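Reproduced below: start.cif, with mmCIF, C-alpha atoms, pLDDT in the B column; chains and numbers go by the auth columns.
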data_input
loop_
_atom_site.group_PDB
_atom_site.id
_atom_site.type_symbol
_atom_site.label_atom_id
_atom_site.label_comp_id
_atom_site.label_asym_id
_atom_site.label_seq_id
_atom_site.Cartn_x
_atom_site.Cartn_y
_atom_site.Cartn_z
_atom_site.B_iso_or_equiv
_atom_site.auth_seq_id
_atom_site.auth_asym_id
ATOM 1 C CA MET A 1 106.991 -113.094 -53.256 54.00 26 A
ATOM 2 C CA LEU A 2 108.499 -113.210 -56.722 66.00 27 A
ATOM 3 C CA ASN A 3 107.549 -109.668 -57.805 78.00 28 A
ATOM 4 C CA LEU A 4 107.097 -110.636 -61.432 77.00 29 A
ATOM 5 C CA GLY A 5 105.627 -107.918 -63.579 85.00 30 A
ATOM 6 C CA GLY A 6 103.975 -108.292 -66.958 85.00 31 A
ATOM 7 C CA GLY A 7 107.190 -107.806 -68.934 89.00 32 A
ATOM 8 C CA GLU A 8 109.091 -110.418 -66.935 90.00 33 A
ATOM 9 C CA LEU A 9 106.242 -112.915 -67.292 85.00 34 A
ATOM 10 C CA VAL A 10 106.127 -112.455 -71.077 89.00 35 A
ATOM 11 C CA LEU A 11 109.899 -112.868 -71.224 91.00 36 A
ATOM 12 C CA LEU A 12 109.677 -116.133 -69.246 87.00 37 A
ATOM 13 C CA ILE A 13 106.954 -117.477 -71.557 84.00 38 A
ATOM 14 C CA VAL A 14 108.974 -116.606 -74.675 88.00 39 A
ATOM 15 C CA LEU A 15 112.091 -118.151 -73.114 89.00 40 A
ATOM 16 C CA ALA A 16 110.140 -121.332 -72.277 85.00 41 A
ATOM 17 C CA LEU A 17 108.847 -121.497 -75.882 85.00 42 A
ATOM 18 C CA ILE A 18 112.391 -121.209 -77.219 89.00 43 A
ATOM 19 C CA ILE A 19 113.962 -123.712 -74.810 89.00 44 A
ATOM 20 C CA LEU A 20 111.204 -126.337 -74.662 84.00 45 A
ATOM 21 C CA GLY A 21 109.708 -125.889 -78.052 85.00 46 A
ATOM 22 C CA PRO A 22 106.025 -125.780 -78.964 81.00 47 A
ATOM 23 C CA ASP A 23 105.636 -129.579 -78.891 87.00 48 A
ATOM 24 C CA LYS A 24 106.800 -130.124 -75.241 88.00 49 A
ATOM 25 C CA LEU A 25 105.400 -126.904 -73.713 84.00 50 A
ATOM 26 C CA PRO A 26 101.779 -128.137 -73.228 87.00 51 A
ATOM 27 C CA GLY A 27 102.991 -131.240 -71.365 91.00 52 A
ATOM 28 C CA TYR A 28 105.174 -129.181 -69.023 88.00 53 A
ATOM 29 C CA ALA A 29 102.355 -126.689 -68.478 87.00 54 A
ATOM 30 C CA ALA A 30 100.049 -129.570 -67.480 93.00 55 A
ATOM 31 C CA LYS A 31 102.702 -130.902 -65.078 93.00 56 A
ATOM 32 C CA LEU A 32 103.117 -127.430 -63.578 90.00 57 A
ATOM 33 C CA GLY A 33 99.341 -127.176 -63.096 94.00 58 A
ATOM 34 C CA GLN A 34 99.270 -130.585 -61.386 97.00 59 A
ATOM 35 C CA PHE A 35 102.124 -129.549 -59.096 96.00 60 A
ATOM 36 C CA VAL A 36 100.359 -126.313 -58.117 95.00 61 A
ATOM 37 C CA ARG A 37 97.125 -128.226 -57.402 97.00 62 A
ATOM 38 C CA SER A 38 98.951 -130.843 -55.301 97.00 63 A
ATOM 39 C CA ALA A 39 100.806 -128.134 -53.342 96.00 64 A
ATOM 40 C CA ARG A 40 97.515 -126.349 -52.691 96.00 65 A
ATOM 41 C CA ASP A 41 95.916 -129.643 -51.563 96.00 66 A
ATOM 42 C CA MET A 42 98.842 -130.366 -49.226 97.00 67 A
ATOM 43 C CA ALA A 43 98.574 -126.904 -47.672 94.00 68 A
ATOM 44 C CA GLU A 44 94.833 -127.322 -47.205 94.00 69 A
ATOM 45 C CA GLY A 45 95.384 -130.779 -45.686 95.00 70 A
ATOM 46 C CA ALA A 46 97.921 -129.368 -43.223 92.00 71 A
ATOM 47 C CA LYS A 47 95.485 -126.621 -42.276 88.00 72 A
ATOM 48 C CA THR A 48 92.696 -129.169 -41.752 90.00 73 A
ATOM 49 C CA HIS A 49 94.999 -131.386 -39.682 92.00 74 A
ATOM 50 C CA LEU A 50 96.015 -128.401 -37.534 85.00 75 A
ATOM 51 C CA ARG A 51 92.371 -127.411 -37.082 85.00 76 A
ATOM 52 C CA ASP A 52 91.525 -130.981 -35.970 88.00 77 A
ATOM 53 C CA GLU A 53 94.446 -131.048 -33.512 87.00 78 A
ATOM 54 C CA MET A 54 93.755 -127.627 -31.992 83.00 79 A
ATOM 55 C CA GLY A 55 90.016 -128.108 -31.732 82.00 80 A
ATOM 56 C CA PRO A 56 87.725 -125.117 -31.320 79.00 81 A
ATOM 57 C CA GLY A 57 90.615 -122.831 -30.303 78.00 82 A
ATOM 58 C CA PHE A 58 91.886 -122.759 -33.890 77.00 83 A
ATOM 59 C CA ASP A 59 89.346 -120.145 -34.959 77.00 84 A
ATOM 60 C CA ASP A 60 90.177 -117.928 -31.957 80.00 85 A
ATOM 61 C CA VAL A 61 93.854 -117.542 -32.914 79.00 86 A
ATOM 62 C CA ASP A 62 94.797 -114.181 -34.422 80.00 87 A
ATOM 63 C CA TRP A 63 97.053 -115.471 -37.212 77.00 88 A
ATOM 64 C CA SER A 64 97.971 -111.993 -38.419 80.00 89 A
ATOM 65 C CA ALA A 65 99.591 -111.236 -35.054 78.00 90 A
ATOM 66 C CA LEU A 66 101.824 -114.304 -35.481 79.00 91 A
ATOM 67 C CA ASP A 67 103.043 -113.200 -38.896 80.00 92 A
ATOM 68 C CA PRO A 68 106.811 -112.653 -38.664 81.00 93 A
ATOM 69 C CA ARG A 69 106.552 -109.777 -41.124 80.00 94 A
ATOM 70 C CA GLN A 70 104.634 -107.871 -38.433 77.00 95 A
ATOM 71 C CA TYR A 71 107.642 -108.040 -36.049 80.00 96 A
ATOM 72 C CA ASP A 72 109.000 -104.560 -35.505 81.00 97 A
ATOM 73 C CA PRO A 73 111.266 -104.235 -32.474 83.00 98 A
ATOM 74 C CA ARG A 74 110.856 -100.453 -32.389 86.00 99 A
ATOM 75 C CA ARG A 75 107.076 -100.774 -32.122 83.00 100 A
ATOM 76 C CA ILE A 76 107.371 -103.435 -29.405 81.00 101 A
ATOM 77 C CA VAL A 77 109.691 -101.264 -27.322 84.00 102 A
ATOM 78 C CA ARG A 78 107.542 -98.170 -27.894 84.00 103 A
ATOM 79 C CA ASP A 79 104.398 -100.058 -26.799 82.00 104 A
ATOM 80 C CA ALA A 80 106.158 -101.485 -23.741 81.00 105 A
ATOM 81 C CA LEU A 81 107.425 -98.074 -22.675 83.00 106 A
ATOM 82 C CA SER A 82 104.148 -96.272 -23.267 82.00 107 A
ATOM 83 C CA ALA A 83 102.000 -98.814 -21.364 71.00 108 A
ATOM 84 C CA PRO A 84 103.287 -97.933 -17.831 63.00 109 A
ATOM 85 C CA ALA A 85 102.892 -94.207 -18.478 53.00 110 A
ATOM 86 C CA ALA A 86 99.242 -94.728 -19.366 50.00 111 A
ATOM 87 C CA GLY A 87 98.736 -96.752 -16.182 51.00 112 A
ATOM 88 C CA ALA A 88 100.332 -94.028 -14.036 53.00 113 A
ATOM 89 C CA ALA A 89 97.687 -91.451 -14.846 51.00 114 A
ATOM 90 C CA ALA A 90 94.912 -93.870 -13.947 51.00 115 A
ATOM 91 C CA ALA A 91 96.614 -94.965 -10.687 50.00 116 A
ATOM 92 C CA GLY A 92 96.873 -91.439 -9.331 50.00 117 A
ATOM 93 C CA GLY A 93 100.615 -90.918 -9.493 48.00 118 A
ATOM 94 C CA ALA A 94 101.870 -94.440 -8.863 47.00 119 A
ATOM 95 C CA VAL A 95 103.963 -95.778 -11.681 45.00 120 A
ATOM 96 C CA SER A 96 104.018 -99.495 -12.369 45.00 121 A
ATOM 97 C CA GLY A 97 107.474 -100.934 -12.060 45.00 122 A
ATOM 98 C CA GLY A 98 107.776 -102.197 -15.619 46.00 123 A
ATOM 99 C CA ASP A 99 106.164 -105.571 -15.110 46.00 124 A
ATOM 100 C CA LEU A 100 104.411 -106.966 -18.146 46.00 125 A
ATOM 101 C CA GLY A 101 101.038 -107.890 -16.743 45.00 126 A
ATOM 102 C CA GLY A 102 102.154 -110.002 -13.804 45.00 127 A
ATOM 103 C CA GLY A 103 100.225 -107.837 -11.329 44.00 128 A
ATOM 104 C CA GLY A 104 103.448 -106.993 -9.471 45.00 129 A
ATOM 105 C CA ALA A 105 104.328 -104.176 -7.097 54.00 130 A
ATOM 106 C CA GLN A 106 103.730 -100.498 -7.770 62.00 131 A
ATOM 107 C CA GLU A 107 106.662 -98.088 -7.574 68.00 132 A
ATOM 108 C CA THR A 108 105.889 -94.999 -5.504 77.00 133 A
ATOM 109 C CA ALA A 109 107.634 -91.645 -5.435 78.00 134 A
ATOM 110 C CA ALA A 110 109.226 -92.472 -2.062 76.00 135 A
ATOM 111 C CA GLY A 111 110.477 -95.798 -3.354 75.00 136 A
ATOM 112 C CA ARG A 112 111.882 -94.188 -6.465 78.00 137 A
ATOM 113 C CA ALA A 113 113.666 -91.547 -4.338 78.00 138 A
ATOM 114 C CA ALA A 114 115.161 -94.263 -2.115 76.00 139 A
ATOM 115 C CA ASN A 115 116.349 -96.188 -5.176 74.00 140 A
ATOM 116 C CA GLU A 116 117.941 -93.100 -6.719 78.00 141 A
ATOM 117 C CA ALA A 117 119.642 -92.242 -3.411 74.00 142 A
ATOM 118 C CA ALA A 118 121.016 -95.761 -3.098 73.00 143 A
ATOM 119 C CA ILE A 119 122.320 -95.692 -6.666 74.00 144 A
ATOM 120 C CA ALA A 120 123.857 -92.215 -6.349 73.00 145 A
ATOM 121 C CA GLY A 121 125.400 -92.815 -2.929 67.00 146 A
ATOM 122 C CA GLY A 122 126.608 -96.308 -3.630 62.00 147 A
ATOM 123 C CA GLY A 123 124.273 -97.680 -0.978 54.00 148 A
ATOM 124 C CA VAL A 124 124.358 -101.167 -2.416 54.00 149 A
ATOM 125 C CA PRO A 125 126.747 -103.245 -0.309 56.00 150 A
ATOM 126 C CA ARG A 126 129.450 -104.952 -2.315 58.00 151 A
ATOM 127 C CA ARG A 127 130.241 -108.578 -1.673 59.00 152 A
ATOM 128 C CA SER A 128 133.815 -109.262 -0.785 59.00 153 A
ATOM 129 C CA PHE A 129 135.486 -111.905 -2.911 58.00 154 A
ATOM 130 C CA GLN A 130 136.367 -115.024 -1.040 66.00 155 A
ATOM 131 C CA GLY A 131 139.048 -117.010 -2.788 71.00 156 A
ATOM 132 C CA PHE A 132 138.234 -120.367 -4.293 72.00 157 A
ATOM 133 C CA ASP A 133 138.829 -123.233 -1.904 76.00 158 A
ATOM 134 C CA PRO A 134 138.791 -126.611 -3.704 78.00 159 A
ATOM 135 C CA SER A 135 138.421 -128.497 -0.423 84.00 160 A
ATOM 136 C CA ALA A 136 135.197 -126.661 0.489 81.00 161 A
ATOM 137 C CA PRO A 137 131.904 -128.189 -0.695 80.00 162 A
ATOM 138 C CA VAL A 138 130.293 -126.623 -3.717 76.00 163 A
ATOM 139 C CA PRO A 139 127.190 -124.525 -2.899 74.00 164 A
ATOM 140 C CA TRP A 140 124.011 -126.297 -3.933 77.00 165 A
ATOM 141 C CA ASP A 141 120.973 -124.382 -5.141 75.00 166 A
ATOM 142 C CA VAL A 142 117.873 -126.560 -5.192 75.00 167 A
ATOM 143 C CA ASP A 143 115.907 -124.085 -7.324 79.00 168 A
ATOM 144 C CA ALA A 144 118.599 -123.922 -10.003 77.00 169 A
ATOM 145 C CA THR A 145 118.482 -127.623 -10.893 62.00 170 A
#
Could you show the structure in this file as structure tokens?
Amino acid sequence: MLNLGGGELVLLIVLALIILGPDKLPGYAAKLGQFVRSARDMAEGAKTHLRDEMGPGFDDVDWSALDPRQYDPRRIVRDALSAPAAGAAAAGGAVSGGDLGGGGAQETAAGRAANEAAIAGGGVPRRSFQGFDPSAPVPWDVDAT
């Protein structure tokens, strides 16, 4: 975290001796030790409290996977793109349609050809724009609320 080497640590100790003086330094060192112990006790108490709240599932959690330093968007995208290709060889030519474990539909060669033909030929019908009419009731979508 701090990346202090030996030279920097010696410099800090010499600087503390000069600023605080030899008579106050032991008192401040004791206070620093007490602070470090209390911080360690608070962290341990929080861990114990979390373990009590989560119950037996606390030990099953892979904490290293939740470490934000492990987040690499390139690796996530690479893993997501390589997973369907591995499933295609096992499925005998069918390629999964990019779903992430939801057990969704499989994309076949015929379906892919139909999709490419629709995209290339503009087979998707376009909706005509109907002007805004303030006197008409607003459409209500029950699932959206």
Quiz item: If you measure from CA of Asp104 in chain A to CA of Phe83 in chain A, what distance in Å do you get, rounded to one decimal?
Solution: 26.9 Å
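If you look at CA of Leu75 in chain A and CA of Leu91 in chain A, they are 15.4 Å away from each other.
Residues in contact range of range 54-57 of chain A, defined as at most 12 Å between only C-alpha atoms, with sequence neighbours fewer than 6 positions away removed, read Ile38, Ala41, Leu42, Leu45, Pro47, Asp48, Ser63 and Ala64 of chain A.
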Quiz item: At what distance in Å, to one decimal, does CA of Asp85 in chain A lie from CA of Asp97 in chain A?
Solution: 23.4 Å
